[in-house]
file model07.txt (compact mmCIF, C-alpha atoms)
# COMPACT_ATOMS: atom_id res chain seq x y z
CA MET A 1 -199.77 -14.66 29.39
CA VAL A 2 -198.24 -13.47 26.13
CA SER A 3 -199.53 -15.21 23.01
CA ASP A 4 -197.28 -17.05 20.60
CA THR A 5 -198.00 -14.41 17.95
CA ARG A 6 -196.72 -11.66 20.24
CA LEU A 7 -193.64 -13.70 21.18
CA TYR A 8 -192.89 -14.30 17.51
CA GLY A 9 -193.40 -10.64 16.65
CA ALA A 10 -191.21 -9.52 19.57
CA ALA A 11 -188.41 -11.89 18.55
CA ILE A 12 -188.47 -10.57 14.98
CA ALA A 13 -188.59 -6.97 16.25
CA PHE A 14 -185.61 -7.48 18.56
CA ALA A 15 -183.56 -9.16 15.83
CA SER A 16 -184.42 -6.62 13.12
CA GLY A 17 -184.30 -3.54 15.34
CA GLY A 18 -181.09 -4.69 17.00
CA TYR A 19 -179.48 -5.28 13.63
CA SER A 20 -180.52 -1.83 12.47
CA LEU A 21 -179.14 -0.25 15.66
CA ALA A 22 -175.87 -2.15 15.33
CA SER A 23 -175.52 -1.17 11.67
CA ALA A 24 -176.08 2.50 12.47
CA ALA A 25 -173.74 2.39 15.46
CA GLY A 26 -171.03 0.85 13.31
CA ALA A 27 -171.20 3.59 10.68
CA THR A 28 -167.96 5.48 10.16
CA ARG A 29 -169.94 8.71 10.22
CA MET A 30 -173.55 9.60 10.87
CA THR A 31 -175.26 10.38 7.59
CA ALA A 32 -178.98 10.97 7.24
CA THR A 33 -179.39 7.28 6.41
CA ALA A 34 -177.48 6.21 9.53
CA TRP A 35 -179.69 8.44 11.66
CA LEU A 36 -182.77 6.97 9.98
CA MET A 37 -181.52 3.43 10.66
CA LEU A 38 -180.82 4.37 14.28
CA ALA A 39 -184.30 5.85 14.77
CA LEU A 40 -186.05 3.00 12.98
CA GLY A 41 -184.10 0.41 14.97
CA ALA A 42 -184.99 2.09 18.26
CA VAL A 43 -188.69 2.25 17.37
CA VAL A 44 -188.72 -1.41 16.31
CA VAL A 45 -186.99 -2.55 19.52
CA VAL A 46 -189.47 -0.55 21.64
CA HIS A 47 -192.34 -2.10 19.69
CA GLY A 48 -190.88 -5.54 20.40
CA ALA A 49 -190.71 -4.75 24.11
CA LEU A 50 -194.32 -3.55 24.09
CA LEU A 51 -195.38 -6.82 22.48
CA LEU A 52 -194.06 -8.65 25.55
CA ALA A 53 -196.38 -6.72 27.88
CA PRO A 54 -199.59 -8.78 27.94
CA THR A 55 -201.63 -5.98 29.50
CA LEU A 56 -201.07 -3.50 26.67
CA PRO A 57 -203.99 -3.42 24.24
CA LEU A 58 -202.01 -3.97 21.03
CA ASP A 59 -204.08 -5.93 18.58
CA ASP A 60 -202.75 -8.14 15.81
CA ALA A 61 -203.75 -5.84 12.98
CA THR A 62 -202.09 -2.76 14.49
CA SER A 63 -198.85 -4.54 15.35
CA GLY A 64 -198.82 -6.35 12.03
CA GLY A 65 -199.34 -3.10 10.15
CA LEU A 66 -196.46 -1.52 12.04
CA MET A 67 -194.25 -4.51 11.23
CA VAL A 68 -195.09 -4.17 7.53
CA ALA A 69 -194.24 -0.45 7.68
CA TYR A 70 -190.89 -1.26 9.33
CA ALA A 71 -190.26 -3.90 6.67
CA VAL A 72 -190.67 -1.22 4.00
CA GLY A 73 -188.47 1.29 5.85
CA MET A 74 -185.52 -1.05 6.31
CA PRO A 75 -184.87 -1.76 2.60
CA ALA A 76 -185.63 1.88 1.81
CA THR A 77 -182.55 2.84 3.82
CA GLN A 78 -180.59 0.22 1.91
CA ALA A 79 -181.83 1.68 -1.38
CA ALA A 80 -180.71 5.13 -0.23
CA LEU A 81 -177.25 3.73 0.47
CA ALA A 82 -177.08 1.85 -2.83
CA THR A 83 -178.05 4.89 -4.88
CA GLY A 84 -175.70 7.26 -3.08
CA MET A 85 -178.46 9.31 -1.52
CA ALA A 86 -176.87 8.70 1.90
CA GLY A 87 -174.14 11.31 1.44
CA GLY A 88 -174.75 14.46 3.45
CA MET A 89 -173.25 17.84 4.03
CA GLY A 90 -169.56 17.89 4.81
CA GLY A 91 -168.18 19.67 7.86
CA ASP A 92 -167.33 22.72 5.73
CA GLY A 93 -170.73 22.89 4.01
CA THR A 94 -169.72 21.08 0.82
CA MET A 95 -171.86 18.28 -0.51
CA ASP A 96 -169.14 15.65 -0.37
CA GLY A 97 -170.25 14.22 2.96
CA SER A 98 -166.65 13.60 4.06
CA GLY A 99 -166.64 16.40 6.61
CA MET A 100 -163.25 17.49 5.24
CA GLY A 101 -164.12 19.57 2.20
CA GLY A 102 -163.21 16.90 -0.32
CA GLY A 103 -160.01 15.81 1.38
CA GLY A 104 -161.56 12.72 2.94
CA MET A 105 -161.76 9.23 1.60
CA GLY A 106 -164.28 10.32 -1.02
CA GLY A 107 -161.85 12.86 -2.47
CA ALA A 108 -163.13 15.56 -4.77
CA MET A 109 -166.07 13.45 -5.93
CA GLY A 110 -167.40 12.96 -2.40
CA ASP A 111 -168.64 10.02 -0.42
CA ALA A 112 -171.81 9.72 -2.49
CA THR A 113 -169.69 8.07 -5.18
CA VAL A 114 -168.18 5.69 -2.65
CA THR A 115 -171.50 4.78 -1.06
CA ALA A 116 -173.16 4.33 -4.45
CA ALA A 117 -170.80 1.44 -5.07
CA MET A 118 -171.68 -0.23 -1.76
CA PRO A 119 -173.75 -3.40 -2.12
CA TRP A 120 -176.97 -3.86 -0.22
CA ASP A 121 -176.68 -5.29 3.27
CA LEU A 122 -178.26 -8.67 2.59
CA GLY A 123 -178.72 -9.30 6.31
CA MET A 124 -180.87 -6.19 6.57
CA VAL A 125 -182.84 -7.18 3.49
CA ALA A 126 -183.39 -10.73 4.81
CA LEU A 127 -184.58 -9.40 8.17
CA ALA A 128 -186.91 -6.97 6.39
CA LEU A 129 -188.43 -9.85 4.42
CA LEU A 130 -188.85 -11.85 7.62
CA MET A 131 -190.47 -8.83 9.26
CA LEU A 132 -192.80 -8.44 6.27
CA VAL A 133 -193.92 -12.07 6.63
CA SER A 134 -194.28 -11.63 10.40
CA GLY A 135 -196.41 -8.52 9.89
CA GLY A 136 -198.58 -10.39 7.40
CA ILE A 137 -199.08 -13.23 9.88
CA MET A 138 -199.98 -10.77 12.64
CA VAL A 139 -202.44 -8.91 10.42
CA ARG A 140 -204.33 -12.06 9.50
CA SER A 141 -204.03 -13.79 12.90
CA ASP A 142 -207.31 -14.79 14.51
CA ASP A 143 -205.96 -15.95 17.89
CA GLY A 144 -206.04 -12.45 19.42
CA MET A 145 -203.12 -11.01 21.25

call {"tool": "encode", "arguments": {"input": "model07.txt", "output": "structure tokens"}}
result
Amino acid sequence: MVSDTRLYGAAIAFASGGYSLASAAGATRMTATAWLMLALGAVVVVHGALLLAPTLPLDDATSGGLMVAYAVGMPATQAALATGMAGGMGGDGTMDGSGMGGGGMGGAMGDATVTAAMPWDLGMVALALLMLVSGGIMVRSDDGM
């Protein structure tokens, strides 16, 4: 039987990882940050699925530590978006990230200027905080998974 701690951790992992996957899938173009969100979301969802397998020897401290690491990675991607670090190479090799050599939505200044003005995704930040708390609970849990 799966412990309550594992069920709780799996629920948080599915919600957070699913949100990250959905955010990356909804991106208008795949920047480095979108790829990072996609990879992180996939890893978190797989971790959630592994938590539901009672025969796997995942202990509380290991899973909790992973959850804390995910909780740091999720807002880090948001910080990259907020500071404009998410812009990548355009399709013609320019640094505008529009893929159109400056003729895209970002114009001559590039998409980094547009993404720098984007606010943080508060849903992602809230889920990261919840995942941080979940990881802390799993690290200090004495009930054994």

call {"tool": "atom_distance", "arguments": {"input": "model07.txt", "atom1": "CA of Ala27 (chain A)", "atom2": "CA of Ala39 (chain A)"}}
result
13.9 Å

call {"tool": "closest_residue", "arguments": {"input": "model07.txt", "among": "A:Ala13, A:Val72, A:Ala128, A:Leu56", "to": "Met1 (chain A)", "atoms": "only C-alpha atoms"}}
result
A:Leu56

call {"tool": "residues_around", "arguments": {"input": "model07.txt", "residues": "Ala49 (chain A)", "least_positions_apart": "3", "cutoff": "12 Å", "atoms": "all atoms listed in the file", "output": "PDB file with C-alpha atoms, in the coordinates of the input"}}
result
ATOM      1  CA  VAL A   2    -198.240 -13.470  26.130  1.00  0.00           C
ATOM      2  CA  ARG A   6    -196.720 -11.660  20.240  1.00  0.00           C
ATOM      3  CA  LEU A   7    -193.640 -13.700  21.180  1.00  0.00           C
ATOM      4  CA  TYR A   8    -192.890 -14.300  17.510  1.00  0.00           C
ATOM      5  CA  GLY A   9    -193.400 -10.640  16.650  1.00  0.00           C
ATOM      6  CA  ALA A  10    -191.210  -9.520  19.570  1.00  0.00           C
ATOM      7  CA  ALA A  11    -188.410 -11.890  18.550  1.00  0.00           C
ATOM      8  CA  ILE A  12    -188.470 -10.570  14.980  1.00  0.00           C
ATOM      9  CA  ALA A  13    -188.590  -6.970  16.250  1.00  0.00           C
ATOM     10  CA  PHE A  14    -185.610  -7.480  18.560  1.00  0.00           C
ATOM     11  CA  ALA A  15    -183.560  -9.160  15.830  1.00  0.00           C
ATOM     12  CA  GLY A  17    -184.300  -3.540  15.340  1.00  0.00           C
ATOM     13  CA  GLY A  18    -181.090  -4.690  17.000  1.00  0.00           C
ATOM     14  CA  ALA A  42    -184.990   2.090  18.260  1.00  0.00           C
ATOM     15  CA  VAL A  43    -188.690   2.250  17.370  1.00  0.00           C
ATOM     16  CA  VAL A  44    -188.720  -1.410  16.310  1.00  0.00           C
ATOM     17  CA  VAL A  45    -186.990  -2.550  19.520  1.00  0.00           C
ATOM     18  CA  VAL A  46    -189.470  -0.550  21.640  1.00  0.00           C
ATOM     19  CA  LEU A  52    -194.060  -8.650  25.550  1.00  0.00           C
ATOM     20  CA  ALA A  53    -196.380  -6.720  27.880  1.00  0.00           C
ATOM     21  CA  PRO A  54    -199.590  -8.780  27.940  1.00  0.00           C
ATOM     22  CA  LEU A  56    -201.070  -3.500  26.670  1.00  0.00           C
ATOM     23  CA  LEU A  58    -202.010  -3.970  21.030  1.00  0.00           C
ATOM     24  CA  SER A  63    -198.850  -4.540  15.350  1.00  0.00           C
TER      25      SER A  63
END

call {"tool": "atom_distance", "arguments": {"input": "model07.txt", "atom1": "CA of Trp120 (chain A)", "atom2": "CA of Gly135 (chain A)"}}
result
22.4 Å

call {"tool": "atom_distance", "arguments": {"input": "model07.txt", "atom1": "CA of Pro75 (chain A)", "atom2": "CA of Val125 (chain A)"}}
result
5.9 Å

call {"tool": "closest_residue", "arguments": {"input": "model07.txt", "among": "A:Ser16, A:Gly41, A:Gly48, A:Arg29", "to": "Leu127 (chain A)", "atoms": "all atoms listed in the file"}}
result
A:Ser16

call {"tool": "build_atoms", "arguments": {"input": "model07.txt", "residues": "region 121-132 of chain A", "atoms": "all heavy atoms", "output": "PDB file, in the frame of the given file"}}
result
ATOM      1  N   ASP A 121    -176.925  -4.445   2.106  1.00  0.00           N
ATOM      2  CA  ASP A 121    -176.680  -5.290   3.270  1.00  0.00           C
ATOM      3  C   ASP A 121    -177.718  -6.400   3.222  1.00  0.00           C
ATOM      4  O   ASP A 121    -178.882  -6.188   3.568  1.00  0.00           O
ATOM      5  CB  ASP A 121    -176.790  -4.461   4.547  1.00  0.00           C
ATOM      6  CG  ASP A 121    -176.518  -5.261   5.798  1.00  0.00           C
ATOM      7  OD1 ASP A 121    -176.454  -6.503   5.719  1.00  0.00           O
ATOM      8  OD2 ASP A 121    -176.365  -4.638   6.858  1.00  0.00           O
ATOM      9  N   LEU A 122    -177.302  -7.582   2.779  1.00  0.00           N
ATOM     10  CA  LEU A 122    -178.260  -8.670   2.590  1.00  0.00           C
ATOM     11  C   LEU A 122    -178.861  -9.142   3.908  1.00  0.00           C
ATOM     12  O   LEU A 122    -179.987  -9.639   3.927  1.00  0.00           O
ATOM     13  CB  LEU A 122    -177.588  -9.827   1.852  1.00  0.00           C
ATOM     14  CG  LEU A 122    -177.145  -9.493   0.423  1.00  0.00           C
ATOM     15  CD1 LEU A 122    -176.509 -10.712  -0.233  1.00  0.00           C
ATOM     16  CD2 LEU A 122    -178.322  -9.008  -0.395  1.00  0.00           C
ATOM     17  N   GLY A 123    -178.149  -8.968   5.010  1.00  0.00           N
ATOM     18  CA  GLY A 123    -178.720  -9.300   6.310  1.00  0.00           C
ATOM     19  C   GLY A 123    -179.910  -8.418   6.626  1.00  0.00           C
ATOM     20  O   GLY A 123    -180.945  -8.881   7.109  1.00  0.00           O
ATOM     21  N   MET A 124    -179.779  -7.133   6.344  1.00  0.00           N
ATOM     22  CA  MET A 124    -180.870  -6.190   6.570  1.00  0.00           C
ATOM     23  C   MET A 124    -182.054  -6.514   5.663  1.00  0.00           C
ATOM     24  O   MET A 124    -183.210  -6.490   6.101  1.00  0.00           O
ATOM     25  CB  MET A 124    -180.392  -4.763   6.315  1.00  0.00           C
ATOM     26  CG  MET A 124    -181.411  -3.698   6.591  1.00  0.00           C
ATOM     27  SD  MET A 124    -181.665  -3.358   8.324  1.00  0.00           S
ATOM     28  CE  MET A 124    -180.176  -2.474   8.714  1.00  0.00           C
ATOM     29  N   VAL A 125    -181.774  -6.850   4.427  1.00  0.00           N
ATOM     30  CA  VAL A 125    -182.840  -7.180   3.490  1.00  0.00           C
ATOM     31  C   VAL A 125    -183.552  -8.470   3.918  1.00  0.00           C
ATOM     32  O   VAL A 125    -184.785  -8.548   3.904  1.00  0.00           O
ATOM     33  CB  VAL A 125    -182.283  -7.312   2.051  1.00  0.00           C
ATOM     34  CG1 VAL A 125    -183.339  -7.824   1.095  1.00  0.00           C
ATOM     35  CG2 VAL A 125    -181.741  -5.966   1.578  1.00  0.00           C
ATOM     36  N   ALA A 126    -182.789  -9.470   4.357  1.00  0.00           N
ATOM     37  CA  ALA A 126    -183.390 -10.730   4.810  1.00  0.00           C
ATOM     38  C   ALA A 126    -184.267 -10.505   6.043  1.00  0.00           C
ATOM     39  O   ALA A 126    -185.378 -11.048   6.138  1.00  0.00           O
ATOM     40  CB  ALA A 126    -182.308 -11.758   5.111  1.00  0.00           C
ATOM     41  N   LEU A 127    -183.778  -9.696   6.981  1.00  0.00           N
ATOM     42  CA  LEU A 127    -184.580  -9.400   8.170  1.00  0.00           C
ATOM     43  C   LEU A 127    -185.839  -8.610   7.810  1.00  0.00           C
ATOM     44  O   LEU A 127    -186.897  -8.807   8.402  1.00  0.00           O
ATOM     45  CB  LEU A 127    -183.756  -8.645   9.201  1.00  0.00           C
ATOM     46  CG  LEU A 127    -182.763  -9.510   9.980  1.00  0.00           C
ATOM     47  CD1 LEU A 127    -181.818  -8.637  10.794  1.00  0.00           C
ATOM     48  CD2 LEU A 127    -183.491 -10.494  10.862  1.00  0.00           C
ATOM     49  N   ALA A 128    -185.727  -7.727   6.830  1.00  0.00           N
ATOM     50  CA  ALA A 128    -186.910  -6.970   6.390  1.00  0.00           C
ATOM     51  C   ALA A 128    -187.946  -7.903   5.778  1.00  0.00           C
ATOM     52  O   ALA A 128    -189.147  -7.757   6.030  1.00  0.00           O
ATOM     53  CB  ALA A 128    -186.496  -5.889   5.395  1.00  0.00           C
ATOM     54  N   LEU A 129    -187.492  -8.879   4.999  1.00  0.00           N
ATOM     55  CA  LEU A 129    -188.430  -9.850   4.420  1.00  0.00           C
ATOM     56  C   LEU A 129    -189.089 -10.686   5.509  1.00  0.00           C
ATOM     57  O   LEU A 129    -190.295 -10.951   5.470  1.00  0.00           O
ATOM     58  CB  LEU A 129    -187.721 -10.750   3.406  1.00  0.00           C
ATOM     59  CG  LEU A 129    -187.317 -10.089   2.104  1.00  0.00           C
ATOM     60  CD1 LEU A 129    -186.480 -11.031   1.249  1.00  0.00           C
ATOM     61  CD2 LEU A 129    -188.557  -9.631   1.336  1.00  0.00           C
ATOM     62  N   LEU A 130    -188.309 -11.097   6.493  1.00  0.00           N
ATOM     63  CA  LEU A 130    -188.850 -11.850   7.620  1.00  0.00           C
ATOM     64  C   LEU A 130    -189.861 -10.999   8.396  1.00  0.00           C
ATOM     65  O   LEU A 130    -190.920 -11.483   8.803  1.00  0.00           O
ATOM     66  CB  LEU A 130    -187.717 -12.310   8.534  1.00  0.00           C
ATOM     67  CG  LEU A 130    -188.071 -13.249   9.666  1.00  0.00           C
ATOM     68  CD1 LEU A 130    -188.695 -14.531   9.137  1.00  0.00           C
ATOM     69  CD2 LEU A 130    -186.830 -13.565  10.472  1.00  0.00           C
ATOM     70  N   MET A 131    -189.551  -9.723   8.566  1.00  0.00           N
ATOM     71  CA  MET A 131    -190.470  -8.830   9.260  1.00  0.00           C
ATOM     72  C   MET A 131    -191.736  -8.619   8.447  1.00  0.00           C
ATOM     73  O   MET A 131    -192.834  -8.538   9.024  1.00  0.00           O
ATOM     74  CB  MET A 131    -189.789  -7.484   9.536  1.00  0.00           C
ATOM     75  CG  MET A 131    -190.608  -6.588  10.419  1.00  0.00           C
ATOM     76  SD  MET A 131    -189.694  -5.142  10.918  1.00  0.00           S
ATOM     77  CE  MET A 131    -188.901  -5.797  12.368  1.00  0.00           C
ATOM     78  N   LEU A 132    -191.629  -8.582   7.138  1.00  0.00           N
ATOM     79  CA  LEU A 132    -192.800  -8.440   6.270  1.00  0.00           C
ATOM     80  C   LEU A 132    -193.716  -9.660   6.439  1.00  0.00           C
ATOM     81  O   LEU A 132    -194.928  -9.519   6.593  1.00  0.00           O
ATOM     82  CB  LEU A 132    -192.362  -8.289   4.819  1.00  0.00           C
ATOM     83  CG  LEU A 132    -193.467  -8.110   3.795  1.00  0.00           C
ATOM     84  CD1 LEU A 132    -194.187  -6.792   4.014  1.00  0.00           C
ATOM     85  CD2 LEU A 132    -192.887  -8.174   2.394  1.00  0.00           C
TER      86      LEU A 132
END
